[in-house]
Amino acid sequence: MSLWQISIDEPKPFELLQPTSIHEALELGARHGGDAAYLAGGCDLLDHLKHQTMAPHYVINLKGIAELRHARITKEKIDLGALITLGELERNRELARLLPGLVKAASRVATPQIRNLGTLGGNLLQDSRCSYYRGPWYCYRAGGITCDAHHGINSEHAIFGAERCYTVSPSDLAPILVALDSTAKIAGGRNELPLAELFVGPDENILAMHRLKPGELLVGVTVPQRANQRSTFIKYAMRQSWDFALASVAVVFKADTGRCRDCRIVLGGIAPTPWRSFTAEQEIEGKLLAAANIESAARAAIEGAKPLKHNEYKLGLVKKLIRTALTELSP
Amino acid sequence: MYNAAIDLRRQLDARKRGHTAPRTDFTPHFYPATDINPYVDETTGRIISNPQPKLSPATEALARKIVAEGGAVGLGFYVWNPAVEAWGASFAEVEVDMETGQVTILKLVAAHDCGKVIHRLGAEAQVHGGSIMGLGYAMTEELLIDPHNGIPMNQSLYEYRPPSALDIPPIVPILVEEAVEAGPFGAKGLGENPMFNAAAAIANAIFNATGVRMREIPFTWYRVYDELKRAGKLA
């Protein structure tokens, strides 16, 4: 993005394509490749179009595809379509009983208006929110040669997993869905991918936040059903509403007579991808959720963190998040 | 300034009517009948109805010089009366997380002397609204400018972060009715006042809670964290 683009508030002309089936959408996607963009809720894409940071000639509107709206709950798994809105997730009583963490995460995204537009797929695949990437700086992620966040205003940037780019994963659903061991269902190439592998860090591809290629489509997410599973999600932001996470945590484990089994602790907003804290998981795995164990897990979570000049507070925040989440789930 | 301007216009009007003799009286202009400002004698404490103020020698010399050169001079003076000003005080109750620097506002109390209250619901709403603006000013709102190339970084309402409805603590407006003769029906101003003191009250509350002085707004997590760290008070 160059400096003159700073005031642009109008998209370049594009052709709107309206497929009614996944097959049709994939055909259009394959035909136009990188010159097309899939449109779901539009909360992120329309901003990009308006500022002309993206200027595809074709926009493929997915909202007419009924197949993408499914929510099927069986004994083994829960299938959620990519077009389910965050508001629908938030209001689903069945899900609130089975996956309380997911519903909590959906209800903490932005505002009710945005939740009624924004979709599950869009929330997972949204682009970086770094002001330097979105603004008129020639940053690595925008194809440039520098990262001004490294020595600029970086109070909201990454403390883990940064490599040249210090952006953070902005999604609230990603940490909880990764913690739930979900699988991403993809059409137009690979079929399935563990959700954790959908996200890509700057060390691998600095230009993208996820691994989908042009023309590929995220169809939905499959969450396995497990007995005695407990889950929660906590997010801290500067405001209680309409804000991205400074840090968030998703904790999922199998309760086994007060002990933690198959524990997953995934942090959001502190790394370019949903950050699974293996060190914290090891500290609590198979142990009772006692205060001392919770504290050692919280301390282990910040091992190896590399804060920048203004984001050291995220260390305390991560500790507090993990402590609060595990305490909330302790019997 | 207003009195001086009126005086000057009188001088000019007099010239038009043919009174061309230069001015000899250099007493600043003051109308006891219409001016709202009583003049209090510092020694007796009484209000003098017809004060005789004097110009400072330097000003008077300058005025005389201008008049001698054929110019016109208007002189006036104004006495500030604190009773007609609107006064206010705010109180904040905060909670500071010593681990992360997060500041939570638990309660705001705003007391305002706005003269006679004409419309209580509107006046209280004004205090609520002003306190919320002060809260945003204190806690989240900031125009971020990149320190290396001076380009504003948050150019949208979302990124500027005014407080959302969920961020607003209980606000208690207290209206102190001290009617004054100067305003209509004894009312004073209550437009901008409620906005001014929330940030200062919150800063003092943070000092009271932590012993750390915040010298820069907004009190975002990283600023409070950095100050706590500098003071060696991090949990």
# chains A, B, ... in the order shown; residues from 1 in each chain; ligands from 1
$ residues_around --residues "B:Leu12" --least-positions-apart "5" --cutoff "10 Å" --atoms "only C-alpha atoms" --output "PyMOL selection string"
chain B and resi 6-7+17-20+71-74
$ write_last_selection --atoms "N, CA and C atoms" --output "PDB file, in the first residue's frame"
ATOM      1  N   ILE B   6     -16.849  48.778  23.649  1.00  0.00           N
ATOM      2  CA  ILE B   6     -17.970  49.714  23.747  1.00  0.00           C
ATOM      3  C   ILE B   6     -17.453  51.146  23.928  1.00  0.00           C
ATOM      4  N   ASP B   7     -16.443  51.251  24.793  1.00  0.00           N
ATOM      5  CA  ASP B   7     -15.854  52.565  25.049  1.00  0.00           C
ATOM      6  C   ASP B   7     -15.280  53.165  23.760  1.00  0.00           C
ATOM      7  N   ARG B  17     -19.848  62.879  15.485  1.00  0.00           N
ATOM      8  CA  ARG B  17     -20.758  63.976  15.806  1.00  0.00           C
ATOM      9  C   ARG B  17     -20.018  65.305  15.932  1.00  0.00           C
ATOM     10  N   GLY B  18     -18.690  65.287  15.758  1.00  0.00           N
ATOM     11  CA  GLY B  18     -17.949  66.542  15.727  1.00  0.00           C
ATOM     12  C   GLY B  18     -17.161  66.863  16.972  1.00  0.00           C
ATOM     13  N   HIS B  19     -17.208  65.952  17.986  1.00  0.00           N
ATOM     14  CA  HIS B  19     -16.411  66.174  19.191  1.00  0.00           C
ATOM     15  C   HIS B  19     -14.996  65.705  18.923  1.00  0.00           C
ATOM     16  N   THR B  20     -14.141  66.557  18.451  1.00  0.00           N
ATOM     17  CA  THR B  20     -12.807  66.144  18.032  1.00  0.00           C
ATOM     18  C   THR B  20     -11.736  66.389  19.089  1.00  0.00           C
ATOM     19  N   GLY B  71      -4.999  59.062  17.396  1.00  0.00           N
ATOM     20  CA  GLY B  71      -5.742  57.808  17.413  1.00  0.00           C
ATOM     21  C   GLY B  71      -6.850  57.830  18.441  1.00  0.00           C
ATOM     22  N   ALA B  72      -7.656  56.777  18.444  1.00  0.00           N
ATOM     23  CA  ALA B  72      -8.720  56.636  19.433  1.00  0.00           C
ATOM     24  C   ALA B  72      -8.413  55.431  20.313  1.00  0.00           C
ATOM     25  N   VAL B  73      -8.728  55.538  21.583  1.00  0.00           N
ATOM     26  CA  VAL B  73      -8.442  54.458  22.528  1.00  0.00           C
ATOM     27  C   VAL B  73      -9.712  54.110  23.280  1.00  0.00           C
ATOM     28  N   GLY B  74     -10.024  52.850  23.360  1.00  0.00           N
ATOM     29  CA  GLY B  74     -11.136  52.392  24.179  1.00  0.00           C
ATOM     30  C   GLY B  74     -10.582  51.663  25.378  1.00  0.00           C
TER      31      GLY B  74
END
$ interface_residues --of "chain B" --to "chain A" --cutoff "10 Å" --atoms "only C-alpha atoms" --output "PyMOL selection string"
chain B and resi 97-103+139-140+144-149+151-155+158-159+161-168+220-226+229+234-235
$ closest_residue --among "A:Arg69, A:Cys43, A:Pro170, A:Ser231" --to "A:Leu95" --atoms "only C-alpha atoms"
A:Ser231
$ closest_residue --among "A:Leu120, A:Leu45, A:Val178, A:Ala208" --to "A:Leu195" --atoms "only C-alpha atoms"
A:Val178
$ select_by_dssp --residues "stretch 72-212 of chain B" --states "strand (DSSP E or B)" --output "NGL selection string"
:B and (76 or 87-96 or 103-113 or 115 or 145 or 152 or 171-176 or 187)
$ residues_around --residues "A:Arg190" --least-positions-apart "3" --cutoff "10 Å" --atoms "only C-alpha atoms" --output "list in words"
Lys185, Ile186, Ala187, Leu193, Leu212, Glu216 and Leu217 of chain A
$ select_by_dssp --residues "stretch 79-133 of chain A" --states "alpha helix (DSSP H)" --output "number ranges by chain"
A: 86-91, 93-98, 100-107, 112-117, 120-125, 131-133
$ write_last_selection --atoms "N, CA and C atoms" --output "JSON list (two decimals), in the first residue's frame"
[["chain", "number", "residue", "atom", "x", "y", "z"],
["A", 86, "LEU", "N", -21.73, -15.84, 13.55],
["A", 86, "LEU", "CA", -21.30, -15.89, 14.94],
["A", 86, "LEU", "C", -22.50, -15.73, 15.86],
["A", 87, "GLY", "N", -23.49, -14.93, 15.41],
["A", 87, "GLY", "CA", -24.70, -14.75, 16.20],
["A", 87, "GLY", "C", -25.47, -16.05, 16.34],
["A", 88, "GLU", "N", -25.51, -16.85, 15.25],
["A", 88, "GLU", "CA", -26.19, -18.15, 15.32],
["A", 88, "GLU", "C", -25.47, -19.10, 16.28],
["A", 89, "LEU", "N", -24.14, -19.06, 16.24],
["A", 89, "LEU", "CA", -23.37, -19.89, 17.18],
["A", 89, "LEU", "C", -23.68, -19.49, 18.62],
["A", 90, "GLU", "N", -23.71, -18.18, 18.83],
["A", 90, "GLU", "CA", -23.91, -17.62, 20.17],
["A", 90, "GLU", "C", -25.26, -18.03, 20.74],
["A", 91, "ARG", "N", -26.29, -18.11, 19.86],
["A", 91, "ARG", "CA", -27.64, -18.36, 20.34],
["A", 91, "ARG", "C", -28.03, -19.84, 20.33],
["A", 93, "ARG", "N", -28.53, -23.22, 21.65],
["A", 93, "ARG", "CA", -28.57, -23.78, 23.01],
["A", 93, "ARG", "C", -27.90, -25.14, 23.09],
["A", 94, "GLU", "N", -28.08, -25.92, 22.02],
["A", 94, "GLU", "CA", -27.46, -27.26, 21.98],
["A", 94, "GLU", "C", -25.93, -27.12, 22.08],
["A", 95, "LEU", "N", -25.40, -26.17, 21.31],
["A", 95, "LEU", "CA", -23.95, -25.97, 21.34],
["A", 95, "LEU", "C", -23.50, -25.43, 22.70],
["A", 96, "ALA", "N", -24.33, -24.58, 23.31],
["A", 96, "ALA", "CA", -23.96, -24.02, 24.62],
["A", 96, "ALA", "C", -23.78, -25.13, 25.64],
["A", 97, "ARG", "N", -24.54, -26.23, 25.46],
["A", 97, "ARG", "CA", -24.42, -27.36, 26.39],
["A", 97, "ARG", "C", -23.19, -28.21, 26.05],
["A", 98, "LEU", "N", -22.97, -28.44, 24.74],
["A", 98, "LEU", "CA", -21.91, -29.36, 24.32],
["A", 98, "LEU", "C", -20.54, -28.67, 24.29],
["A", 100, "PRO", "N", -19.39, -25.24, 25.52],
["A", 100, "PRO", "CA", -19.58, -23.90, 26.10],
["A", 100, "PRO", "C", -18.46, -22.93, 25.72],
["A", 101, "GLY", "N", -17.26, -23.46, 25.57],
["A", 101, "GLY", "CA", -16.12, -22.59, 25.21],
["A", 101, "GLY", "C", -16.33, -21.92, 23.86],
["A", 102, "LEU", "N", -16.84, -22.69, 22.88],
["A", 102, "LEU", "CA", -17.04, -22.16, 21.54],
["A", 102, "LEU", "C", -18.09, -21.06, 21.54],
["A", 103, "VAL", "N", -19.17, -21.28, 22.29],
["A", 103, "VAL", "CA", -20.25, -20.30, 22.35],
["A", 103, "VAL", "C", -19.76, -19.02, 23.04],
["A", 104, "LYS", "N", -18.95, -19.21, 24.08],
["A", 104, "LYS", "CA", -18.39, -18.05, 24.77],
["A", 104, "LYS", "C", -17.51, -17.23, 23.83],
["A", 105, "ALA", "N", -16.70, -17.94, 23.04],
["A", 105, "ALA", "CA", -15.82, -17.26, 22.11],
["A", 105, "ALA", "C", -16.63, -16.49, 21.08],
["A", 106, "ALA", "N", -17.68, -17.13, 20.53],
["A", 106, "ALA", "CA", -18.50, -16.47, 19.51],
["A", 106, "ALA", "C", -19.16, -15.23, 20.09],
["A", 107, "SER", "N", -19.55, -15.30, 21.36],
["A", 107, "SER", "CA", -20.28, -14.17, 21.95],
["A", 107, "SER", "C", -19.35, -13.02, 22.33],
["A", 112, "PRO", "N", -22.88, -7.13, 18.53],
["A", 112, "PRO", "CA", -24.00, -7.94, 18.02],
["A", 112, "PRO", "C", -24.24, -7.74, 16.53],
["A", 113, "GLN", "N", -24.13, -6.50, 16.04],
["A", 113, "GLN", "CA", -24.35, -6.25, 14.62],
["A", 113, "GLN", "C", -23.34, -7.01, 13.77],
["A", 114, "ILE", "N", -22.07, -6.96, 14.17],
["A", 114, "ILE", "CA", -21.03, -7.65, 13.41],
["A", 114, "ILE", "C", -21.20, -9.16, 13.53],
["A", 115, "ARG", "N", -21.61, -9.62, 14.71],
["A", 115, "ARG", "CA", -21.80, -11.07, 14.89],
["A", 115, "ARG", "C", -22.94, -11.58, 14.01],
["A", 116, "ASN", "N", -23.92, -10.74, 13.71],
["A", 116, "ASN", "CA", -25.01, -11.18, 12.84],
["A", 116, "ASN", "C", -24.60, -11.22, 11.38],
["A", 117, "LEU", "N", -23.50, -10.58, 11.03],
["A", 117, "LEU", "CA", -22.99, -10.62, 9.66],
["A", 117, "LEU", "C", -21.84, -11.59, 9.53],
["A", 120, "LEU", "N", -18.44, -17.98, 10.68],
["A", 120, "LEU", "CA", -17.42, -18.83, 11.29],
["A", 120, "LEU", "C", -16.18, -18.89, 10.40],
["A", 121, "GLY", "N", -16.41, -19.18, 9.10],
["A", 121, "GLY", "CA", -15.28, -19.28, 8.18],
["A", 121, "GLY", "C", -14.52, -17.97, 8.07],
["A", 122, "GLY", "N", -15.26, -16.89, 7.98],
["A", 122, "GLY", "CA", -14.63, -15.58, 7.85],
["A", 122, "GLY", "C", -13.83, -15.21, 9.09],
["A", 123, "ASN", "N", -14.34, -15.58, 10.25],
["A", 123, "ASN", "CA", -13.62, -15.27, 11.48],
["A", 123, "ASN", "C", -12.29, -16.03, 11.52],
["A", 124, "LEU", "N", -12.31, -17.29, 11.05],
["A", 124, "LEU", "CA", -11.08, -18.08, 11.08],
["A", 124, "LEU", "C", -10.06, -17.57, 10.07],
["A", 125, "LEU", "N", -10.54, -17.11, 8.91],
["A", 125, "LEU", "CA", -9.63, -16.78, 7.81],
["A", 125, "LEU", "C", -9.34, -15.28, 7.72],
["A", 131, "SER", "N", -1.83, -2.36, 12.39],
["A", 131, "SER", "CA", -2.03, -1.03, 11.79],
["A", 131, "SER", "C", -0.97, -0.73, 10.73],
["A", 132, "TYR", "N", 0.20, -1.28, 10.92],
["A", 132, "TYR", "CA", 1.27, -1.02, 9.96],
["A", 132, "TYR", "C", 1.02, -1.77, 8.64],
["A", 133, "TYR", "N", 0.38, -2.95, 8.75],
["A", 133, "TYR", "CA", 0.03, -3.70, 7.55],
["A", 133, "TYR", "C", -1.14, -3.04, 6.83]]
$ atom_distance --atom1 "atom CA of A:Phe14" --atom2 "atom CA of A:Pro56"
6.7 Å
$ residues_around --residues "B:Lys188" --least-positions-apart "2" --cutoff "7 Å" --atoms "only C-alpha atoms" --output "list in words"
Val84, Glu85, Ala86, Cys114, Gly115, Gly183, Gly186 and Leu190 of chain B
$ residues_around --residues "B:Val109" --least-positions-apart "6" --cutoff "8 Å" --atoms "only C-alpha atoms" --output "PyMOL selection string"
chain B and resi 90-92+171-174
$ write_last_selection --atoms "all heavy atoms" --output "PDB file, in the first residue's frame"
ATOM      1  N   SER B  90     -14.869  15.597  40.522  1.00  0.00           N
ATOM      2  CA  SER B  90     -15.179  14.211  40.179  1.00  0.00           C
ATOM      3  C   SER B  90     -14.435  13.262  41.110  1.00  0.00           C
ATOM      4  O   SER B  90     -13.368  13.598  41.620  1.00  0.00           O
ATOM      5  CB  SER B  90     -14.758  13.907  38.741  1.00  0.00           C
ATOM      6  OG  SER B  90     -15.740  14.351  37.866  1.00  0.00           O
ATOM      7  N   PHE B  91     -15.011  12.114  41.280  1.00  0.00           N
ATOM      8  CA  PHE B  91     -14.405  11.085  42.119  1.00  0.00           C
ATOM      9  C   PHE B  91     -14.454   9.771  41.347  1.00  0.00           C
ATOM     10  O   PHE B  91     -15.436   9.484  40.681  1.00  0.00           O
ATOM     11  CB  PHE B  91     -15.170  10.938  43.433  1.00  0.00           C
ATOM     12  CG  PHE B  91     -15.340  12.251  44.149  1.00  0.00           C
ATOM     13  CD1 PHE B  91     -16.414  13.081  43.851  1.00  0.00           C
ATOM     14  CD2 PHE B  91     -14.406  12.655  45.076  1.00  0.00           C
ATOM     15  CE1 PHE B  91     -16.570  14.300  44.486  1.00  0.00           C
ATOM     16  CE2 PHE B  91     -14.546  13.875  45.716  1.00  0.00           C
ATOM     17  CZ  PHE B  91     -15.620  14.704  45.428  1.00  0.00           C
ATOM     18  N   ALA B  92     -13.376   9.001  41.422  1.00  0.00           N
ATOM     19  CA  ALA B  92     -13.344   7.730  40.707  1.00  0.00           C
ATOM     20  C   ALA B  92     -12.910   6.623  41.649  1.00  0.00           C
ATOM     21  O   ALA B  92     -12.076   6.837  42.518  1.00  0.00           O
ATOM     22  CB  ALA B  92     -12.381   7.817  39.523  1.00  0.00           C
ATOM     23  N   ILE B 171     -22.379   5.702  37.052  1.00  0.00           N
ATOM     24  CA  ILE B 171     -22.012   7.114  37.171  1.00  0.00           C
ATOM     25  C   ILE B 171     -23.062   7.790  38.045  1.00  0.00           C
ATOM     26  O   ILE B 171     -24.261   7.649  37.800  1.00  0.00           O
ATOM     27  CB  ILE B 171     -21.953   7.785  35.789  1.00  0.00           C
ATOM     28  CG1 ILE B 171     -20.852   7.151  34.949  1.00  0.00           C
ATOM     29  CG2 ILE B 171     -21.730   9.291  35.919  1.00  0.00           C
ATOM     30  CD1 ILE B 171     -20.862   7.543  33.498  1.00  0.00           C
ATOM     31  N   VAL B 172     -22.598   8.484  39.080  1.00  0.00           N
ATOM     32  CA  VAL B 172     -23.534   9.155  39.988  1.00  0.00           C
ATOM     33  C   VAL B 172     -23.404  10.664  39.805  1.00  0.00           C
ATOM     34  O   VAL B 172     -22.390  11.240  40.173  1.00  0.00           O
ATOM     35  CB  VAL B 172     -23.225   8.783  41.456  1.00  0.00           C
ATOM     36  CG1 VAL B 172     -24.255   9.413  42.380  1.00  0.00           C
ATOM     37  CG2 VAL B 172     -23.194   7.280  41.624  1.00  0.00           C
ATOM     38  N   PRO B 173     -24.391  11.324  39.198  1.00  0.00           N
ATOM     39  CA  PRO B 173     -24.321  12.777  39.080  1.00  0.00           C
ATOM     40  C   PRO B 173     -24.864  13.453  40.343  1.00  0.00           C
ATOM     41  O   PRO B 173     -25.892  13.023  40.869  1.00  0.00           O
ATOM     42  CB  PRO B 173     -25.204  13.090  37.871  1.00  0.00           C
ATOM     43  CG  PRO B 173     -26.069  11.903  37.692  1.00  0.00           C
ATOM     44  CD  PRO B 173     -25.575  10.779  38.540  1.00  0.00           C
ATOM     45  N   ILE B 174     -24.146  14.444  40.827  1.00  0.00           N
ATOM     46  CA  ILE B 174     -24.638  15.240  41.950  1.00  0.00           C
ATOM     47  C   ILE B 174     -24.735  16.679  41.453  1.00  0.00           C
ATOM     48  O   ILE B 174     -23.737  17.233  40.980  1.00  0.00           O
ATOM     49  CB  ILE B 174     -23.679  15.162  43.152  1.00  0.00           C
ATOM     50  CG1 ILE B 174     -23.568  13.716  43.645  1.00  0.00           C
ATOM     51  CG2 ILE B 174     -24.151  16.079  44.279  1.00  0.00           C
ATOM     52  CD1 ILE B 174     -22.497  13.515  44.691  1.00  0.00           C
TER      53      ILE B 174
END
$ decode --residues "stretch 152-173 of chain B" --atoms "N, CA and C atoms" --output "PDB file, in the first residue's frame"
ATOM      1  N   PRO B 152      -0.444   9.071  11.048  1.00  0.00           N
ATOM      2  CA  PRO B 152      -1.427   8.564  12.007  1.00  0.00           C
ATOM      3  C   PRO B 152      -1.764   7.107  11.721  1.00  0.00           C
ATOM      4  N   MET B 153      -1.818   6.318  12.768  1.00  0.00           N
ATOM      5  CA  MET B 153      -1.995   4.875  12.584  1.00  0.00           C
ATOM      6  C   MET B 153      -3.434   4.418  12.743  1.00  0.00           C
ATOM      7  N   ASN B 154      -4.222   5.143  13.518  1.00  0.00           N
ATOM      8  CA  ASN B 154      -5.613   4.703  13.688  1.00  0.00           C
ATOM      9  C   ASN B 154      -6.539   5.747  13.069  1.00  0.00           C
ATOM     10  N   GLN B 155      -6.947   5.453  11.853  1.00  0.00           N
ATOM     11  CA  GLN B 155      -7.727   6.449  11.122  1.00  0.00           C
ATOM     12  C   GLN B 155      -9.191   6.090  11.041  1.00  0.00           C
ATOM     13  N   SER B 156      -9.654   5.193  11.904  1.00  0.00           N
ATOM     14  CA  SER B 156     -11.072   4.862  11.875  1.00  0.00           C
ATOM     15  C   SER B 156     -11.621   4.909  13.295  1.00  0.00           C
ATOM     16  N   LEU B 157     -12.929   5.008  13.376  1.00  0.00           N
ATOM     17  CA  LEU B 157     -13.572   5.127  14.687  1.00  0.00           C
ATOM     18  C   LEU B 157     -13.289   3.899  15.546  1.00  0.00           C
ATOM     19  N   TYR B 158     -13.290   2.718  14.893  1.00  0.00           N
ATOM     20  CA  TYR B 158     -13.026   1.498  15.664  1.00  0.00           C
ATOM     21  C   TYR B 158     -11.644   1.557  16.309  1.00  0.00           C
ATOM     22  N   GLU B 159     -10.642   2.005  15.546  1.00  0.00           N
ATOM     23  CA  GLU B 159      -9.282   1.972  16.077  1.00  0.00           C
ATOM     24  C   GLU B 159      -9.023   3.084  17.095  1.00  0.00           C
ATOM     25  N   TYR B 160      -9.831   4.144  17.032  1.00  0.00           N
ATOM     26  CA  TYR B 160      -9.671   5.239  17.989  1.00  0.00           C
ATOM     27  C   TYR B 160     -10.215   4.838  19.371  1.00  0.00           C
ATOM     28  N   ARG B 161     -11.109   3.850  19.362  1.00  0.00           N
ATOM     29  CA  ARG B 161     -11.621   3.247  20.589  1.00  0.00           C
ATOM     30  C   ARG B 161     -12.329   4.199  21.560  1.00  0.00           C
ATOM     31  N   PRO B 162     -13.419   4.805  21.161  1.00  0.00           N
ATOM     32  CA  PRO B 162     -14.250   5.446  22.181  1.00  0.00           C
ATOM     33  C   PRO B 162     -14.898   4.338  23.026  1.00  0.00           C
ATOM     34  N   PRO B 163     -15.287   4.645  24.276  1.00  0.00           N
ATOM     35  CA  PRO B 163     -15.834   3.576  25.112  1.00  0.00           C
ATOM     36  C   PRO B 163     -17.124   3.014  24.524  1.00  0.00           C
ATOM     37  N   SER B 164     -17.307   1.714  24.669  1.00  0.00           N
ATOM     38  CA  SER B 164     -18.563   1.109  24.227  1.00  0.00           C
ATOM     39  C   SER B 164     -19.525   1.084  25.412  1.00  0.00           C
ATOM     40  N   ALA B 165     -20.774   0.762  25.127  1.00  0.00           N
ATOM     41  CA  ALA B 165     -21.793   0.793  26.186  1.00  0.00           C
ATOM     42  C   ALA B 165     -21.425  -0.123  27.341  1.00  0.00           C
ATOM     43  N   LEU B 166     -20.666  -1.191  27.032  1.00  0.00           N
ATOM     44  CA  LEU B 166     -20.338  -2.148  28.093  1.00  0.00           C
ATOM     45  C   LEU B 166     -19.187  -1.676  28.981  1.00  0.00           C
ATOM     46  N   ASP B 167     -18.509  -0.601  28.583  1.00  0.00           N
ATOM     47  CA  ASP B 167     -17.344  -0.147  29.345  1.00  0.00           C
ATOM     48  C   ASP B 167     -17.687   0.903  30.382  1.00  0.00           C
ATOM     49  N   ILE B 168     -18.973   1.244  30.463  1.00  0.00           N
ATOM     50  CA  ILE B 168     -19.328   2.388  31.288  1.00  0.00           C
ATOM     51  C   ILE B 168     -19.689   1.937  32.697  1.00  0.00           C
ATOM     52  N   PRO B 169     -18.975   2.461  33.692  1.00  0.00           N
ATOM     53  CA  PRO B 169     -19.260   2.085  35.076  1.00  0.00           C
ATOM     54  C   PRO B 169     -20.500   2.835  35.574  1.00  0.00           C
ATOM     55  N   PRO B 170     -20.993   2.487  36.754  1.00  0.00           N
ATOM     56  CA  PRO B 170     -22.067   3.303  37.328  1.00  0.00           C
ATOM     57  C   PRO B 170     -21.581   4.739  37.509  1.00  0.00           C
ATOM     58  N   ILE B 171     -22.379   5.702  37.052  1.00  0.00           N
ATOM     59  CA  ILE B 171     -22.012   7.114  37.171  1.00  0.00           C
ATOM     60  C   ILE B 171     -23.062   7.790  38.045  1.00  0.00           C
ATOM     61  N   VAL B 172     -22.598   8.484  39.080  1.00  0.00           N
ATOM     62  CA  VAL B 172     -23.534   9.155  39.988  1.00  0.00           C
ATOM     63  C   VAL B 172     -23.404  10.664  39.805  1.00  0.00           C
ATOM     64  N   PRO B 173     -24.391  11.324  39.198  1.00  0.00           N
ATOM     65  CA  PRO B 173     -24.321  12.777  39.080  1.00  0.00           C
ATOM     66  C   PRO B 173     -24.864  13.453  40.343  1.00  0.00           C
TER      67      PRO B 173
END
